[in-house]
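Printed here is entry-v2.csv (CSV, C-alpha atoms and all ligand atoms):
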```csv
chain,number,residue,atom,x,y,z
A,6,MET,CA,128.9,93.1,84.7
A,7,PRO,CA,126.1,95.3,83.4
A,8,GLY,CA,125.5,93.5,80.2
A,9,ASN,CA,125.1,96.4,77.7
A,10,THR,CA,128.0,95.3,75.5
A,11,PHE,CA,128.0,92.5,72.9
A,12,GLY,CA,131.0,91.0,71.0
A,13,ARG,CA,134.7,90.3,71.6
A,14,VAL,CA,136.5,92.2,68.8
A,15,PHE,CA,133.6,94.0,67.1
A,16,ARG,CA,132.2,95.4,70.3
A,17,VAL,CA,128.8,97.0,70.5
A,18,THR,CA,127.4,98.9,73.4
A,19,THR,CA,123.9,100.2,73.2
A,20,PHE,CA,122.6,103.0,75.5
A,21,GLY,CA,119.4,105.0,76.2
A,22,GLU,CA,115.9,104.5,77.4
A,23,SER,CA,112.7,104.6,75.3
A,24,HIS,CA,111.5,108.0,76.5
A,25,GLY,CA,114.8,109.4,77.7
A,26,ARG,CA,116.9,112.0,75.8
A,27,ALA,CA,118.3,109.6,73.2
A,28,VAL,CA,119.1,106.0,72.3
A,29,GLY,CA,122.2,104.9,70.5
A,30,VAL,CA,125.2,102.8,70.2
A,31,VAL,CA,129.0,102.8,70.3
A,32,VAL,CA,130.7,100.4,68.0
A,33,ASP,CA,134.4,99.7,68.8
A,34,GLY,CA,136.6,97.4,66.8
A,35,CYS,CA,135.4,98.2,63.3
A,36,PRO,CA,138.5,98.3,61.0
A,37,ALA,CA,139.5,101.5,59.2
A,38,MET,CA,138.8,102.2,55.5
A,39,LEU,CA,135.2,100.9,55.4
A,40,GLU,CA,133.1,103.4,53.4
A,41,LEU,CA,130.1,104.4,55.5
A,42,SER,CA,127.4,107.1,55.4
A,43,GLU,CA,124.6,108.1,57.7
A,44,ALA,CA,122.2,107.4,54.8
A,45,GLU,CA,123.2,103.7,54.8
A,46,ILE,CA,122.6,103.4,58.5
A,47,GLN,CA,119.3,105.3,58.1
A,48,ARG,CA,118.0,102.9,55.5
A,49,GLU,CA,118.3,100.0,58.0
A,50,LEU,CA,116.7,102.1,60.8
A,51,ASP,CA,113.8,102.9,58.6
A,52,ARG,CA,113.0,99.2,58.3
A,53,ARG,CA,112.8,98.9,62.1
A,54,ARG,CA,110.7,102.0,62.7
A,55,PRO,CA,107.2,101.7,63.9
A,56,GLY,CA,104.1,103.3,62.3
A,57,GLN,CA,104.7,101.6,58.9
A,58,SER,CA,101.4,99.8,58.6
A,59,ALA,CA,98.2,98.9,60.5
A,60,VAL,CA,99.8,95.7,61.9
A,61,THR,CA,102.5,97.6,63.7
A,62,THR,CA,102.2,100.4,66.2
A,63,GLN,CA,101.1,103.8,64.9
A,64,ARG,CA,103.6,105.6,67.1
A,65,LYS,CA,105.4,108.1,64.9
A,66,GLU,CA,109.1,107.9,65.6
A,67,GLU,CA,111.2,109.8,63.1
A,68,ASP,CA,114.5,108.1,64.2
A,69,ARG,CA,117.1,110.3,62.5
A,70,VAL,CA,120.5,108.9,63.1
A,71,GLU,CA,123.6,111.1,63.6
A,72,ILE,CA,127.1,109.6,63.5
A,73,LEU,CA,129.2,111.4,66.1
A,74,SER,CA,132.6,109.8,65.6
A,75,GLY,CA,134.8,107.3,63.9
A,76,ILE,CA,134.2,108.4,60.4
A,77,TYR,CA,136.3,110.8,58.4
A,78,GLU,CA,135.9,111.7,54.7
A,79,GLY,CA,133.3,109.0,54.3
A,80,LYS,CA,135.4,106.1,55.7
A,81,THR,CA,135.8,104.5,59.1
A,82,THR,CA,139.0,105.4,60.9
A,83,GLY,CA,139.2,102.3,63.2
A,84,MET,CA,138.2,104.5,66.1
A,85,PRO,CA,134.9,104.1,68.1
A,86,ILE,CA,131.8,104.9,66.0
A,87,ALA,CA,129.1,106.5,68.1
A,88,MET,CA,125.7,106.8,66.7
A,89,ILE,CA,122.8,108.6,68.3
A,90,VAL,CA,119.0,109.1,67.7
A,91,TYR,CA,117.3,111.7,69.8
A,92,ASN,CA,113.9,110.7,71.1
A,93,ARG,CA,111.5,113.4,69.9
A,94,GLU,CA,108.0,112.1,69.6
A,95,TYR,CA,106.8,110.3,72.7
A,96,ASP,CA,103.9,110.5,75.1
A,97,SER,CA,104.8,109.1,78.5
A,98,SER,CA,101.3,109.7,80.0
A,99,ALA,CA,100.0,106.2,79.3
A,100,TYR,CA,102.9,104.8,81.3
A,101,GLU,CA,102.2,106.7,84.5
A,102,GLU,CA,99.8,103.9,85.7
A,103,LEU,CA,102.5,101.3,84.9
A,104,ARG,CA,105.0,102.9,87.3
A,105,PHE,CA,103.7,100.8,90.2
A,106,LYS,CA,101.5,98.3,88.3
A,107,PRO,CA,103.8,95.8,86.4
A,108,ARG,CA,102.4,94.6,83.1
A,109,PRO,CA,102.1,90.8,83.0
A,110,GLY,CA,104.6,89.5,80.4
A,111,HIS,CA,106.8,92.6,80.3
A,112,ALA,CA,110.0,93.5,82.1
A,113,ASP,CA,108.4,96.0,84.6
A,114,LEU,CA,108.3,93.6,87.6
A,115,THR,CA,111.9,92.3,87.2
A,116,TYR,CA,113.5,95.7,86.7
A,117,PHE,CA,111.6,97.0,89.8
A,118,LEU,CA,112.7,94.0,91.9
A,119,LYS,CA,116.3,94.1,90.7
A,120,TYR,CA,117.0,97.9,90.6
A,121,GLY,CA,114.3,99.5,92.8
A,122,HIS,CA,114.6,102.6,90.7
A,123,ARG,CA,114.0,102.7,86.9
A,124,ASP,CA,112.9,104.8,84.0
A,125,HIS,CA,109.6,103.0,83.4
A,126,ARG,CA,108.5,105.4,80.6
A,127,GLY,CA,107.9,103.6,77.3
A,128,GLY,CA,109.4,100.4,78.8
A,129,GLY,CA,112.7,102.2,79.5
A,130,ARG,CA,115.7,100.1,78.7
A,131,ALA,CA,113.5,97.0,78.1
A,132,SER,CA,111.7,98.7,75.2
A,133,GLY,CA,111.9,97.5,71.6
A,134,ARG,CA,113.4,101.0,71.0
A,135,GLU,CA,116.7,99.7,72.5
A,136,THR,CA,117.1,97.6,69.4
A,137,LEU,CA,117.6,100.8,67.3
A,138,GLY,CA,121.3,100.8,68.4
A,139,ARG,CA,121.6,97.1,67.4
A,140,VAL,CA,120.2,97.8,64.0
A,141,ALA,CA,122.5,100.8,63.5
A,142,ALA,CA,125.5,98.7,64.5
A,143,GLY,CA,124.2,95.8,62.4
A,144,ALA,CA,124.2,98.0,59.4
A,145,ILE,CA,128.0,98.4,59.8
A,146,ALA,CA,128.4,94.7,60.4
A,147,LYS,CA,126.5,93.9,57.2
A,148,LYS,CA,128.7,96.3,55.2
A,149,LEU,CA,131.8,94.7,56.7
A,150,LEU,CA,130.6,91.2,55.9
A,151,ALA,CA,129.7,92.3,52.4
A,152,THR,CA,133.5,92.9,51.9
A,153,ILE,CA,133.9,89.1,52.1
A,154,GLY,CA,130.7,88.3,50.2
A,155,VAL,CA,128.5,87.4,53.1
A,156,GLU,CA,124.8,88.4,52.8
A,157,VAL,CA,122.4,88.3,55.8
A,158,LEU,CA,118.6,88.0,55.2
A,159,ALA,CA,115.6,87.5,57.5
A,160,HIS,CA,111.9,86.9,56.9
A,161,THR,CA,108.8,86.0,58.7
A,162,VAL,CA,107.9,82.3,58.5
A,163,GLU,CA,105.0,82.0,60.8
A,164,ILE,CA,102.4,84.4,62.5
A,165,ALA,CA,99.5,83.3,64.6
A,166,GLY,CA,99.8,79.7,63.4
A,167,ILE,CA,99.9,80.6,59.7
A,168,ARG,CA,103.1,79.0,58.4
A,169,ILE,CA,104.8,79.3,55.0
A,170,ASP,CA,106.1,76.4,53.0
A,171,GLU,CA,109.4,76.4,51.2
A,172,VAL,CA,110.5,79.7,49.6
A,173,SER,CA,113.4,80.5,47.3
A,174,ILE,CA,116.3,82.7,48.3
A,175,ASP,CA,115.2,85.1,45.6
A,176,GLU,CA,111.8,85.3,47.2
A,177,ILE,CA,113.4,86.0,50.6
A,178,ARG,CA,115.5,88.7,49.0
A,179,GLU,CA,112.6,90.4,47.1
A,180,ASN,CA,109.3,89.9,48.9
A,181,PRO,CA,109.5,90.7,52.6
A,182,GLU,CA,109.8,94.4,52.1
A,183,LYS,CA,106.7,94.3,49.8
A,184,ASN,CA,104.3,93.4,52.6
A,185,PRO,CA,103.7,94.6,56.2
A,186,VAL,CA,104.4,91.3,57.9
A,187,ARG,CA,107.8,90.8,56.0
A,188,CYS,CA,106.8,87.4,54.7
A,189,ALA,CA,108.4,86.0,51.5
A,190,ASP,CA,105.1,84.2,50.6
A,191,LEU,CA,102.8,86.9,49.5
A,192,ALA,CA,99.5,84.9,49.8
A,193,LYS,CA,100.4,83.7,53.3
A,194,ALA,CA,101.4,87.3,54.2
A,195,ARG,CA,97.8,88.4,53.6
A,196,GLU,CA,96.5,85.6,55.9
A,197,MET,CA,99.0,86.6,58.6
A,198,GLU,CA,97.9,90.2,58.3
A,199,GLU,CA,94.3,89.2,58.8
A,200,ARG,CA,95.1,87.3,61.9
A,201,ILE,CA,97.0,90.2,63.4
A,202,LEU,CA,94.1,92.6,62.7
A,203,GLU,CA,91.7,90.2,64.2
A,204,ALA,CA,93.7,90.0,67.4
A,205,LYS,CA,94.0,93.8,67.4
A,206,ARG,CA,90.2,94.2,67.1
A,207,GLU,CA,89.9,91.9,70.1
A,208,GLY,CA,92.4,93.9,72.2
A,209,ASP,CA,94.8,91.1,71.9
A,210,SER,CA,98.2,90.2,70.3
A,211,VAL,CA,99.8,87.3,68.4
A,212,GLY,CA,103.4,85.9,68.0
A,213,GLY,CA,105.3,84.0,65.4
A,214,VAL,CA,108.6,82.8,64.0
A,215,VAL,CA,111.4,84.7,62.1
A,216,GLU,CA,114.0,82.9,60.1
A,217,VAL,CA,117.4,84.5,59.6
A,218,ILE,CA,120.0,83.3,57.0
A,219,ALA,CA,123.6,84.1,56.2
A,220,LEU,CA,124.8,83.2,52.7
A,221,ASN,CA,128.5,82.7,51.6
A,222,VAL,CA,129.8,82.4,55.1
A,223,PRO,CA,133.4,81.1,54.9
A,224,PRO,CA,134.1,77.8,56.7
A,225,GLY,CA,136.0,78.1,59.9
A,226,LEU,CA,134.1,80.8,61.9
A,227,GLY,CA,133.5,79.9,65.6
A,228,GLU,CA,135.8,79.3,68.5
A,229,PRO,CA,135.6,76.0,70.4
A,230,VAL,CA,134.4,75.4,73.0
A,231,PHE,CA,132.4,78.1,74.8
A,232,ASP,CA,132.4,80.6,71.9
A,233,LYS,CA,131.0,78.2,69.4
A,234,LEU,CA,129.3,80.0,66.5
A,235,ASP,CA,125.9,78.5,67.2
A,236,ALA,CA,126.2,79.3,70.9
A,237,ASP,CA,127.0,82.9,70.2
A,238,ILE,CA,124.2,83.2,67.6
A,239,ALA,CA,121.7,81.7,70.1
A,240,LYS,CA,122.8,84.3,72.7
A,241,ALA,CA,122.6,87.1,70.2
A,242,LEU,CA,119.1,86.2,69.0
A,243,MET,CA,117.8,85.3,72.5
A,244,SER,CA,118.9,88.8,73.7
A,245,ILE,CA,116.2,90.4,71.6
A,246,GLY,CA,113.1,91.3,73.6
A,247,ALA,CA,110.1,88.9,73.2
A,248,VAL,CA,112.3,86.2,71.7
A,249,LYS,CA,111.5,83.0,73.6
A,250,GLY,CA,113.2,80.3,71.5
A,251,VAL,CA,116.1,79.9,69.1
A,252,GLU,CA,116.8,76.9,66.8
A,253,ILE,CA,119.7,76.4,64.4
A,254,GLY,CA,119.1,74.3,61.2
A,255,SER,CA,116.6,71.5,61.9
A,256,GLY,CA,116.7,72.5,65.6
A,257,PHE,CA,113.8,71.0,67.6
A,258,THR,CA,112.7,68.9,64.6
A,259,SER,CA,116.1,67.1,64.8
A,260,ALA,CA,115.0,65.6,68.1
A,261,ARG,CA,112.3,63.6,66.1
A,262,LEU,CA,114.6,62.5,63.3
A,263,ARG,CA,116.9,59.5,62.9
A,264,GLY,CA,120.6,60.0,62.3
A,265,SER,CA,120.2,58.7,58.8
A,266,GLU,CA,117.6,61.5,58.2
A,267,ASN,CA,119.3,64.3,60.0
A,268,ASN,CA,122.9,63.8,58.8
A,269,ASP,CA,123.9,66.1,56.0
A,270,GLU,CA,125.9,63.9,53.5
A,271,PHE,CA,129.0,65.5,51.9
A,272,PHE,CA,129.9,65.8,48.3
A,273,VAL,CA,132.4,67.9,46.3
A,274,GLU,CA,131.4,70.8,44.1
A,275,ASP,CA,134.0,73.0,42.3
A,276,GLY,CA,136.7,71.6,44.6
A,277,ARG,CA,134.7,72.5,47.8
A,278,ILE,CA,133.1,70.2,50.3
A,279,ARG,CA,129.4,70.8,50.5
A,280,SER,CA,126.3,68.9,51.8
A,281,ARG,CA,123.1,67.9,50.0
A,282,SER,CA,120.9,68.9,53.0
A,283,ASN,CA,121.6,71.5,55.6
A,284,ASN,CA,120.0,70.2,58.8
A,285,ALA,CA,123.1,71.5,60.7
A,286,GLY,CA,122.2,75.0,59.7
A,287,GLY,CA,125.7,75.6,58.4
A,288,ILE,CA,127.5,74.8,61.7
A,289,LEU,CA,129.2,71.6,63.0
A,290,GLY,CA,131.1,71.5,66.2
A,291,GLY,CA,130.5,75.2,66.7
A,292,ILE,CA,132.4,76.0,63.5
A,293,SER,CA,130.8,77.2,60.2
A,294,THR,CA,130.8,74.6,57.4
A,295,GLY,CA,130.5,77.0,54.5
A,296,MET,CA,126.8,76.1,54.0
A,297,PRO,CA,124.2,78.8,54.6
A,298,ILE,CA,123.7,79.6,58.3
A,299,VAL,CA,120.0,79.2,59.2
A,300,ALA,CA,118.4,80.1,62.5
A,301,ARG,CA,114.8,80.6,63.6
A,302,VAL,CA,113.5,82.5,66.6
A,303,ALA,CA,110.1,82.2,68.3
A,304,VAL,CA,108.6,85.6,69.1
A,305,LYS,CA,106.0,85.7,71.8
A,306,PRO,CA,102.7,87.7,71.5
A,307,THR,CA,103.1,91.3,72.6
A,308,SER,CA,102.6,91.5,76.3
A,309,SER,CA,101.1,95.0,76.3
A,310,ILE,CA,97.5,94.3,75.4
A,311,ALA,CA,94.3,96.4,75.7
A,312,ARG,CA,92.5,93.9,77.9
A,313,GLU,CA,92.0,93.9,81.6
A,314,GLN,CA,94.6,91.7,83.4
A,315,HIS,CA,95.4,90.9,87.0
A,316,THR,CA,98.6,92.4,88.5
A,317,VAL,CA,99.9,93.7,91.9
A,318,ASP,CA,100.2,97.3,93.0
A,319,LEU,CA,103.9,97.5,94.1
A,320,ARG,CA,103.1,100.2,96.7
A,321,THR,CA,100.4,98.4,98.6
A,322,MET,CA,101.2,94.8,97.6
A,323,ARG,CA,97.5,94.4,96.9
A,324,GLU,CA,96.1,92.7,93.9
A,325,THR,CA,94.7,95.0,91.3
A,326,THR,CA,94.0,95.1,87.5
A,327,ILE,CA,95.6,96.8,84.6
A,328,THR,CA,94.5,97.6,81.0
A,329,VAL,CA,97.5,98.8,79.0
A,330,ARG,CA,97.0,102.0,77.1
A,331,GLY,CA,99.3,103.6,74.6
A,332,ARG,CA,100.2,102.3,71.2
A,333,HIS,CA,101.7,98.9,71.0
A,334,ASP,CA,102.4,96.4,68.2
A,335,PRO,CA,99.6,93.8,68.1
A,336,CYS,CA,102.4,91.6,66.6
A,337,ILE,CA,106.1,92.2,67.1
A,338,VAL,CA,107.3,89.7,64.5
A,339,PRO,CA,107.7,92.0,61.5
A,340,ARG,CA,109.7,94.5,63.5
A,341,VAL,CA,112.0,91.7,64.9
A,342,VAL,CA,113.0,90.8,61.3
A,343,PRO,CA,115.6,93.6,60.8
A,344,VAL,CA,116.8,93.1,64.4
A,345,CYS,CA,117.5,89.4,63.8
A,346,GLU,CA,119.5,90.4,60.7
A,347,ALA,CA,121.5,92.8,62.8
A,348,MET,CA,122.2,90.4,65.6
A,349,LEU,CA,123.3,87.6,63.2
A,350,ALA,CA,125.5,90.1,61.3
A,351,LEU,CA,127.1,91.4,64.5
A,352,THR,CA,127.9,87.8,65.6
A,353,LEU,CA,129.4,86.9,62.2
A,354,ALA,CA,131.4,90.1,61.9
A,355,ASP,CA,132.8,89.5,65.4
A,356,HIS,CA,133.8,86.0,64.5
A,357,ALA,CA,135.2,86.9,61.1
A,358,LEU,CA,137.4,89.5,62.8
A,359,ARG,CA,138.5,86.9,65.5
A,360,ALA,CA,139.3,84.4,62.8
A,361,GLY,CA,141.3,87.0,60.8
A,362,VAL,CA,139.0,86.5,57.8
A,363,ILE,CA,138.3,90.2,57.9
A,364,PRO,CA,141.5,92.2,58.9
A,365,ALA,CA,141.1,93.8,62.3
A,366,THR,CA,143.0,97.0,61.7
A,367,ARG,CA,142.3,98.2,58.2
A,368,LEU,CA,140.6,97.0,55.0
A,369,GLY,CA,142.5,97.0,51.7
A,401,LIG,C1,111.4,95.7,67.8
A,401,LIG,C2,110.6,95.4,69.1
A,401,LIG,C3,109.4,96.0,69.3
A,401,LIG,C4,108.7,95.8,70.5
A,401,LIG,N1,107.5,96.4,70.7
A,401,LIG,C5,106.8,96.1,71.9
A,401,LIG,C6,105.6,96.8,72.1
A,401,LIG,O1,105.1,97.6,71.3
A,401,LIG,N2,104.9,96.4,73.3
A,401,LIG,C7,105.4,95.5,74.2
A,401,LIG,O2,104.7,95.2,75.2
A,401,LIG,N3,106.5,94.9,73.9
A,401,LIG,C8,107.2,95.1,72.8
A,401,LIG,N4,108.4,94.5,72.6
A,401,LIG,C9,108.8,93.4,73.5
A,401,LIG,C10,109.4,93.8,74.8
A,401,LIG,O3,110.6,94.6,74.6
A,401,LIG,C11,109.7,92.6,75.6
A,401,LIG,O4,108.7,91.7,75.7
A,401,LIG,C12,110.2,93.0,77.0
A,401,LIG,O5,111.4,93.6,77.0
A,401,LIG,C13,110.3,91.8,78.0
A,401,LIG,O6,111.3,90.9,77.6
A,401,LIG,P1,111.0,89.3,77.2
A,401,LIG,O7,109.7,89.3,76.5
A,401,LIG,O8,112.1,88.9,76.4
A,401,LIG,O9,110.9,88.6,78.5
A,401,LIG,C14,109.2,94.8,71.4
A,401,LIG,C15,110.4,94.1,71.1
A,401,LIG,C16,111.1,94.4,70.0
A,401,LIG,C17,112.4,93.7,69.7
```

When written as structure tokens, how does the structure in this file appear?
Ligand SMILES: Cc1cc2nc3c(=O)[nH]c(=O)nc-3n(C[C@H](O)[C@H](O)[C@H](O)COP(=O)(O)O)c2cc1C
Amino acid sequence: MPGNTFGRVFRVTTFGESHGRAVGVVVDGCPAMLELSEAEIQRELDRRRPGQSAVTTQRKEEDRVEILSGIYEGKTTGMPIAMIVYNREYDSSAYEELRFKPRPGHADLTYFLKYGHRDHRGGGRASGRETLGRVAAGAIAKKLLATIGVEVLAHTVEIAGIRIDEVSIDEIRENPEKNPVRCADLAKAREMEERILEAKREGDSVGGVVEVIALNVPPGLGEPVFDKLDADIAKALMSIGAVKGVEIGSGFTSARLRGSENNDEFFVEDGRIRSRSNNAGGILGGISTGMPIVARVAVKPTSSIAREQHTVDLRTMRETTITVRGRHDPCIVPRVVPVCEAMLALTLADHALRAGVIPATRLG
């Protein structure tokens, strides 16, 4: 199986290479009667776009989305929704050297070994540009989830070792779009920005951690045993390029806690069972509890760096060196934020449709 499709009922297939003709997505399984416009999809895509600040790449990608099908008179019809963005502004010259010299840390080597023939330009299918289709589909998933009151938010919690402390949901709603690193703590955001620029000046890159949250998720989403909600969320987030770790709730910290510390004790509020803490990240036994769903991803430092590194020439099998040219993000973390929101929204929309919490055929 080629692996370009995600989801069981809300099925998303992305297509396209970074410097090919276009990138895009086909969403199958969205119920009819959802109001949807290109402008709403565009708003989400604009958040993913590069060239927004000095801490992301200065590539100028206009990324205008066109909806080709599945919408009539401003509403979904229940038919496949195809969305496309033509690739207009790209310069593949910097990639010529990479054709036979795989970048350490990128997908060049493995694609070459597996397929033999690939579109290496701009990173081809392994480019961050592939996530454009995910974000476009995620915009639909978010709208669909909003019909049952679910809200999905993400923010940067750590970059280059600078970590934020506790922030409120309101700060997470308001602040990330006010600064280039998408951090809810504005003072820490400036420190993070400094660290990124420092790495950039040194021809290097840094990584960090993104937290993604879903609020008002109804209890009961998730299918035992292999399609547990946490298992599907982990897969969704881990499928994002440069993501090297996923934790749900207290995650790796739980390994260092006692049961008495990690257990979330229950109480009743307005006739509903809730818990005082949320170390479970809103999921028990693979099924949503009704508490907020909280996941965090570890994003590695960008592999394409402007420093000389050792590699192998695939034609001669001799050792050589490479210095990556072209415009790359010195830190991918801020651009991963909207992608995490999209992937969590896609997973929840799929499970809400599977559970019948959102009707599969038509809304209203
Ligand atoms: C939004 C986004 C933007 C990215 N931008 C870059 C980039 O400018 N340069 C780069 O080397 N990698 C970039 N990446 C990461 C690569 O896509 C990723 O490292 C590569 O596909 C190898 O996969 P892996 O790191 O998961 O093993 C980006 C990823 C995302 C999600």

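Around stretch 130-142 of chain A, within 8 Å and counting all atoms listed in the file, the residues found are Val17, Thr19, Phe20, Gly21, Glu22, Ser23, Val28, Gly29, Val30, Val31, Val32, Ile46, Gln47, Glu49, Leu50, Arg53, Met88, Ile89, Ala112, Asp124, Ile245, Gly246, Pro343, Val344, Ala347, Met348 and Leu351 of chain A, once anything fewer than 5 positions away on its own chain is removed.
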
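Atom CA of A:Leu220 is found 16.7 Å from atom CA of A:Ala189.
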
- request: Name each residue within 9 Å of ligand LIG 401 (chain A), counting only C-alpha atoms and all ligand atoms, as a ChimeraX atom specification.
  value: /A:53-55,61-62,108,110-113,127-128,130-137,243-249,304-310,329,331-345

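Pairwise distance (atom CA of A:Ile288, atom CA of A:Leu234) equals 7.3 Å.
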
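When only C-alpha atoms are used to measure the gap to A:Arg279, the shortest distance among A:Pro7, A:Pro297, A:Pro181, A:Gly213 belongs to A:Pro297.
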
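The two atoms in question, atom CA of A:Arg123 and atom CA of A:Thr328, are spaced 21.0 Å apart.
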
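Using only C-alpha atoms, the protein and nucleic acid residues lying no more than 10 Å from A:Ile363, apart from those fewer than 3 places from it along its own chain, are Pro36, Leu149, Leu150, Thr152, Ile153, Ala354, Asp355, His356, Ala357, Leu358, Arg359, Ala360, Thr366, Arg367 and Leu368 of chain A.
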
field: Exercise: A:Gly83 partners within 10 Å, all atoms listed in the file, chain neighbours under 2 positions left out, as a PyMOL selection string
entry: chain A and resi 32-39+75-76+80-81+85-86+365-368

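You can rank A:Ala303, A:Ile218, A:Ala44, A:Met322 by their closest distance to A:Asn283 using all atoms listed in the file, and at the top of that list sits A:Ile218.
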
task: Would you list the contacts of A:Thr325 as a PyMOL selection string, taking every protein, DNA or RNA residue within 12 Å and counting only C-alpha atoms, but skipping same-chain residues closer than 6 positions in sequence?
output: chain A and resi 102-103+105-109+313-319

As a PDB file with C-alpha atoms, keeping the file's coordinate frame, please: the residues near A:Gly295 (cut-off 7 Å, all atoms listed in the file, same-chain neighbours under 5 positions excluded).
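What ended up in part01.pdb:
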```pdb
ATOM      1  CA  ASN A 221     128.500  82.700  51.600  1.00  0.00           C
ATOM      2  CA  VAL A 222     129.800  82.400  55.100  1.00  0.00           C
ATOM      3  CA  PRO A 223     133.400  81.100  54.900  1.00  0.00           C
ATOM      4  CA  PRO A 224     134.100  77.800  56.700  1.00  0.00           C
ATOM      5  CA  GLY A 287     125.700  75.600  58.400  1.00  0.00           C
TER       6      GLY A 287
END
```

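Using all atoms listed in the file for every distance, the candidate list A:Arg16, A:Met296, A:Leu349, A:Leu114 yields A:Arg16 as the residue closest to A:Met84.
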
query: Using only C-alpha atoms, which of the listed residues (A:Ile201, A:Ala239, A:Ala144, A:Leu158) sits closest to A:Ser58?
result: A:Ile201

message: Which residue is closest to A:Tyr91? Choose from A:Ile72, A:Ala236, A:Leu41, A:Ala241 and count only C-alpha atoms.
response: A:Ile72

statement: Using all atoms listed in the file, the residue out of A:Glu270, A:Glu198, A:Glu101, A:Glu346 with shortest distance to A:Ala300 is A:Glu346

From (106.8, 94.6, 53.4), in the file's coordinates, out to 10 Å: which residues are reached, counting all atoms listed in the file? Answer as a short mmCIF file (atom, residue, chain, number, x, y, z; two decimals) with C-alpha atoms, in the coordinates of the input.
```
data_model
loop_
_atom_site.label_atom_id
_atom_site.label_comp_id
_atom_site.auth_asym_id
_atom_site.auth_seq_id
_atom_site.Cartn_x
_atom_site.Cartn_y
_atom_site.Cartn_z
CA ARG A 52 113.00 99.20 58.30
CA GLN A 57 104.70 101.60 58.90
CA SER A 58 101.40 99.80 58.60
CA HIS A 160 111.90 86.90 56.90
CA GLU A 179 112.60 90.40 47.10
CA ASN A 180 109.30 89.90 48.90
CA PRO A 181 109.50 90.70 52.60
CA GLU A 182 109.80 94.40 52.10
CA LYS A 183 106.70 94.30 49.80
CA ASN A 184 104.30 93.40 52.60
CA PRO A 185 103.70 94.60 56.20
CA VAL A 186 104.40 91.30 57.90
CA ARG A 187 107.80 90.80 56.00
CA CYS A 188 106.80 87.40 54.70
CA ALA A 189 108.40 86.00 51.50
CA LEU A 191 102.80 86.90 49.50
CA ALA A 194 101.40 87.30 54.20
CA PRO A 339 107.70 92.00 61.50
#
```

field: Point (100.9, 83.3, 52.1), cut-off 10 Å, counting all atoms listed in the file, residues as a ChimeraX atom specification
entry: /A:162-163,167-170,188-198
